[in-house]
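Below: the structure, in structure tokens.
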Amino acid sequence: MRGTALTWTKAGVFVLCLVPLLRLGVLAFTWGLGANPIAFVLHSLGTWTLVLLLVTLSVTPVRRLTGWNSLIRLRRMLGLFAFFYACLHFLTYVGIDQFFDWHTIVADIAKRPYITVGFASFLLLIPLAVTSTNAMQRRLGGKRWQRLHRLVYVAAAGGVVHYLWLVKKDMTQPVIYGLLLVLLLGMRLAWRFARPAPGVMVNRPPA
Ligand code: HEM
């Protein structure tokens with residue numbers, strides 16, 4: 001995929017990534033957020049953070065399985081959208097759910113395990129977003145940059161644990177996310193110990 005096709009694909013993915021936010025905006029203006037709008041928004045933003053983290057992590061496996069190498073050019077944007085939704089999720093909790101009551105927020109982070117894990121995952125995503133530019137990649141050097149960016153697996157695992165911990169009854173959804181993450185990580189590990197697939201550039205830096 002080159003030139004115009006790539007630009008259009010990127011633009012399409014960009015718009016698609018904004019759909020969950022636009023949907024929340026529309027629902028907010030049409031009184032469609034249900035009886036507990038704060039919980040609805042919090043849950044929606046949390047879910048999209050996790051979904052986008054998993055989509056970002058599936059870029060390399062899908063690329064290897066299909067040989068569609070230019071997919072890598074979407075990875076940074078997907079990762080940054082995951083971070084964007086994580087920021088909105090966190091800000092919804094801090095600003096709308098807790099009304100910037102820092103005392104309660106700090107106590108929640110310290111004492112409620114699912115919030116502790118969610119917060120830790122969020123913190124892990126910050127250095128990844130900051131170093132996502134080409135300039136930072138060059139500054140860190142390919143190897144160090146790659147090592148740092150493996151933290152995304154820890155952040156995604158934290159996101160799954162956060163979800164598992166907060167769910168009271170039906171565990172189906174967090175378990176599905178967890179299994180997908182195990183599958184994605186398992187594929188990477190399997191490939192790490194196998195030969196690179198022919199015609200596929202391994203660990204090519206994102207554009
Ligand atoms: C990478 C970071 C994070 C991910 C992937 C994530 C993901 C999620 C998911 C999937 C849900 C449940 C959605 C549902 O029920 O459908 C959720 C709920 C929630 N998250 Fe997060 N989250 C993250 C970070 C945080 C942080 C930093 C905080 C606050 C400090 C936080 C606070 C909450 C709260 C309060 C809920 C709702 C809990 C309830 O229903 O009682 N999350 N999050």
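In the structure tokens, the first chain shown is A, the next is B, and so on; residue numbers restart at 1 for each chain, and ligands run from 1 in the order shown.
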Closest pair table for chain A residues within 8 Å of ligand 1, only C-alpha atoms and all ligand atoms, as CSV:
```
residue,atom,partner,partner_atom_place_in_ligand_line,distance
A:Ala39,CA,ligand 1,40 (O),6.4
A:Leu42,CA,ligand 1,36 (C),5.9
A:His43,CA,ligand 1,13 (C),3.7
A:Ser44,CA,ligand 1,13 (C),6.0
A:Leu45,CA,ligand 1,8 (C),7.3
A:Gly46,CA,ligand 1,8 (C),3.5
A:Thr47,CA,ligand 1,10 (C),3.9
A:Trp48,CA,ligand 1,10 (C),7.2
A:Thr49,CA,ligand 1,5 (C),4.9
A:Leu50,CA,ligand 1,5 (C),4.2
A:Val51,CA,ligand 1,5 (C),7.9
A:Leu53,CA,ligand 1,5 (C),7.4
A:Phe83,CA,ligand 1,1 (C),7.5
A:Ala86,CA,ligand 1,2 (C),5.4
A:Cys87,CA,ligand 1,27 (C),7.9
A:His89,CA,ligand 1,42 (N),6.3
A:Phe90,CA,ligand 1,27 (C),4.8
A:Tyr93,CA,ligand 1,29 (C),5.8
A:Val94,CA,ligand 1,29 (C),7.1
A:Asp97,CA,ligand 1,35 (C),7.8
A:Ile105,CA,ligand 1,30 (C),7.3
A:Asp108,CA,ligand 1,30 (C),7.7
A:Ile109,CA,ligand 1,30 (C),6.2
A:Tyr114,CA,ligand 1,32 (C),7.7
A:Ile115,CA,ligand 1,30 (C),5.2
A:Thr116,CA,ligand 1,30 (C),7.0
A:Val117,CA,ligand 1,24 (C),7.6
A:Gly118,CA,ligand 1,24 (C),3.8
A:Phe119,CA,ligand 1,27 (C),3.5
A:Ala120,CA,ligand 1,27 (C),7.0
A:Ser121,CA,ligand 1,1 (C),4.5
A:Phe122,CA,ligand 1,2 (C),4.3
A:Leu123,CA,ligand 1,27 (C),7.7
A:Leu124,CA,ligand 1,1 (C),8.0
A:Leu125,CA,ligand 1,1 (C),7.0
A:Ala155,CA,ligand 1,1 (C),5.7
A:Ala156,CA,ligand 1,5 (C),6.3
A:Gly158,CA,ligand 1,1 (C),6.9
A:Gly159,CA,ligand 1,5 (C),3.8
A:Val160,CA,ligand 1,5 (C),6.8
A:His162,CA,ligand 1,6 (C),6.5
A:Tyr163,CA,ligand 1,9 (C),5.0
A:Leu166,CA,ligand 1,38 (C),5.8
A:Val167,CA,ligand 1,15 (O),6.8
A:Pro174,CA,ligand 1,10 (C),7.4
```
Same residues, C-alpha atoms, output as an mmCIF file, in the first residue's frame:
```
data_model
loop_
_atom_site.group_PDB
_atom_site.id
_atom_site.type_symbol
_atom_site.label_atom_id
_atom_site.label_comp_id
_atom_site.auth_asym_id
_atom_site.auth_seq_id
_atom_site.Cartn_x
_atom_site.Cartn_y
_atom_site.Cartn_z
ATOM 1 C CA ALA A 39 -20.964 4.799 34.634
ATOM 2 C CA LEU A 42 -16.647 5.366 32.117
ATOM 3 C CA HIS A 43 -17.407 1.843 30.953
ATOM 4 C CA SER A 44 -17.505 2.750 27.296
ATOM 5 C CA LEU A 45 -14.178 4.612 27.409
ATOM 6 C CA GLY A 46 -12.549 1.817 29.448
ATOM 7 C CA THR A 47 -13.761 -0.805 26.992
ATOM 8 C CA TRP A 48 -12.449 1.138 23.989
ATOM 9 C CA THR A 49 -9.078 1.637 25.669
ATOM 10 C CA LEU A 50 -8.743 -2.119 26.030
ATOM 11 C CA VAL A 51 -10.088 -2.894 22.568
ATOM 12 C CA LEU A 53 -4.749 -1.798 22.928
ATOM 13 C CA PHE A 83 -3.768 6.187 24.985
ATOM 14 C CA ALA A 86 -7.227 5.850 28.426
ATOM 15 C CA CYS A 87 -6.770 9.595 29.147
ATOM 16 C CA HIS A 89 -11.366 7.235 30.823
ATOM 17 C CA PHE A 90 -9.046 8.490 33.564
ATOM 18 C CA TYR A 93 -13.107 9.119 36.666
ATOM 19 C CA VAL A 94 -11.128 12.051 38.125
ATOM 20 C CA ASP A 97 -17.032 10.601 38.775
ATOM 21 C CA ILE A 105 -8.895 9.614 44.312
ATOM 22 C CA ASP A 108 -9.021 4.793 45.773
ATOM 23 C CA ILE A 109 -5.740 4.301 43.907
ATOM 24 C CA TYR A 114 -8.715 -2.710 40.504
ATOM 25 C CA ILE A 115 -8.096 1.048 40.494
ATOM 26 C CA THR A 116 -4.454 0.544 41.524
ATOM 27 C CA VAL A 117 -3.927 -1.796 38.564
ATOM 28 C CA GLY A 118 -5.819 0.474 36.145
ATOM 29 C CA PHE A 119 -3.777 3.450 37.254
ATOM 30 C CA ALA A 120 -0.499 1.523 36.923
ATOM 31 C CA SER A 121 -1.469 0.485 33.385
ATOM 32 C CA PHE A 122 -2.299 4.073 32.539
ATOM 33 C CA LEU A 123 1.090 5.249 33.878
ATOM 34 C CA LEU A 124 2.832 2.602 31.756
ATOM 35 C CA LEU A 125 1.213 3.966 28.619
ATOM 36 C CA ALA A 155 -0.271 -2.353 30.255
ATOM 37 C CA ALA A 156 -2.768 -4.499 28.333
ATOM 38 C CA GLY A 158 -3.045 -4.724 33.628
ATOM 39 C CA GLY A 159 -6.131 -3.544 31.725
ATOM 40 C CA VAL A 160 -7.488 -7.111 31.642
ATOM 41 C CA HIS A 162 -8.400 -4.260 36.129
ATOM 42 C CA TYR A 163 -11.522 -5.392 34.253
ATOM 43 C CA LEU A 166 -14.076 -4.848 38.879
ATOM 44 C CA VAL A 167 -16.606 -7.230 37.328
ATOM 45 C CA PRO A 174 -12.809 -9.770 30.553
#
```
Subject >> Backbone DSSP call of helix (DSSP H, G or I) for segment 4-207 of chain A, listed as a PyMOL selection string >> reply: chain A and resi 4-29+37-66+69-97+102-111+113-130+134-140+142-149+151-166+172-192
**OP:** Do a neighbour search on segment 6-16 of chain A at 9 Å with only C-alpha atoms, toss out local chain neighbours closer than 2 positions, and write the hits as a ChimeraX atom specification.
**Re:** /A:1-4,18-20,70,73-74,77-78,81
File of the preceding selection, N, CA and C atoms, as an mmCIF file, in the first residue's frame:
```cif
data_model
loop_
_atom_site.group_PDB
_atom_site.id
_atom_site.type_symbol
_atom_site.label_atom_id
_atom_site.label_comp_id
_atom_site.auth_asym_id
_atom_site.auth_seq_id
_atom_site.Cartn_x
_atom_site.Cartn_y
_atom_site.Cartn_z
ATOM 1 N N MET A 1 0.847 -1.185 0.000
ATOM 2 C CA MET A 1 0.000 0.000 0.000
ATOM 3 C C MET A 1 0.894 1.251 0.000
ATOM 4 N N ARG A 2 0.677 2.141 -0.959
ATOM 5 C CA ARG A 2 1.535 3.313 -1.058
ATOM 6 C C ARG A 2 0.717 4.579 -1.209
ATOM 7 N N GLY A 3 1.409 5.720 -1.054
ATOM 8 C CA GLY A 3 0.869 7.026 -1.382
ATOM 9 C C GLY A 3 -0.571 7.240 -0.995
ATOM 10 N N THR A 4 -1.387 7.458 -2.029
ATOM 11 C CA THR A 4 -2.781 7.845 -1.795
ATOM 12 C C THR A 4 -3.561 6.766 -1.031
ATOM 13 N N LEU A 18 -12.504 7.457 16.006
ATOM 14 C CA LEU A 18 -13.248 8.531 16.675
ATOM 15 C C LEU A 18 -14.726 8.178 16.877
ATOM 16 N N VAL A 19 -15.192 7.108 16.190
ATOM 17 C CA VAL A 19 -16.621 6.761 16.244
ATOM 18 C C VAL A 19 -17.114 6.537 17.693
ATOM 19 N N PRO A 20 -16.368 5.777 18.543
ATOM 20 C CA PRO A 20 -16.879 5.585 19.914
ATOM 21 C C PRO A 20 -17.086 6.900 20.663
ATOM 22 N N SER A 70 2.344 -3.132 5.046
ATOM 23 C CA SER A 70 2.075 -1.704 5.286
ATOM 24 C C SER A 70 1.103 -1.465 6.450
ATOM 25 N N ARG A 73 2.132 0.716 9.324
ATOM 26 C CA ARG A 73 2.018 2.184 9.294
ATOM 27 C C ARG A 73 0.794 2.693 10.047
ATOM 28 N N LEU A 74 -0.074 1.767 10.448
ATOM 29 C CA LEU A 74 -1.255 2.182 11.218
ATOM 30 C C LEU A 74 -1.032 2.003 12.719
ATOM 31 N N MET A 77 -0.706 5.116 15.151
ATOM 32 C CA MET A 77 -1.973 5.835 15.313
ATOM 33 C C MET A 77 -2.924 5.052 16.232
ATOM 34 N N LEU A 78 -2.983 3.730 16.037
ATOM 35 C CA LEU A 78 -3.866 2.906 16.873
ATOM 36 C C LEU A 78 -3.433 2.965 18.345
ATOM 37 N N PHE A 81 -4.363 6.241 19.837
ATOM 38 C CA PHE A 81 -5.806 6.305 20.124
ATOM 39 C C PHE A 81 -6.126 5.535 21.402
#
```
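Atom pair atom CA of Val130 of chain A / atom CA of Phe84 of chain A has a distance of 12.2 Å (rounded to one decimal).
Minimum distance to Gln137 of chain A across A:His103, A:Lys111, A:Arg188, A:Arg76 (counting only C-alpha atoms) occurs at A:Arg76.
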Original post:
Excluding same-chain residues fewer than 5 positions from Leu184 of chain A, what lies within 10 Å of it counting only C-alpha atoms, as a list of chain:residue names?
Top reply: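 Using only C-alpha atoms, the neighbours found are A:Leu54, A:Val55, A:Leu57, A:Ser58, A:Val59, A:Thr60, A:Pro61, A:Val62, A:Tyr153, A:Gly178, A:Leu179, A:Leu189.
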**OP:** Just give me the gap between atom CA of Ser132 of chain A and atom CA of Arg75 of chain A in Å, one decimal is fine.
**Re:** 10.2 Å
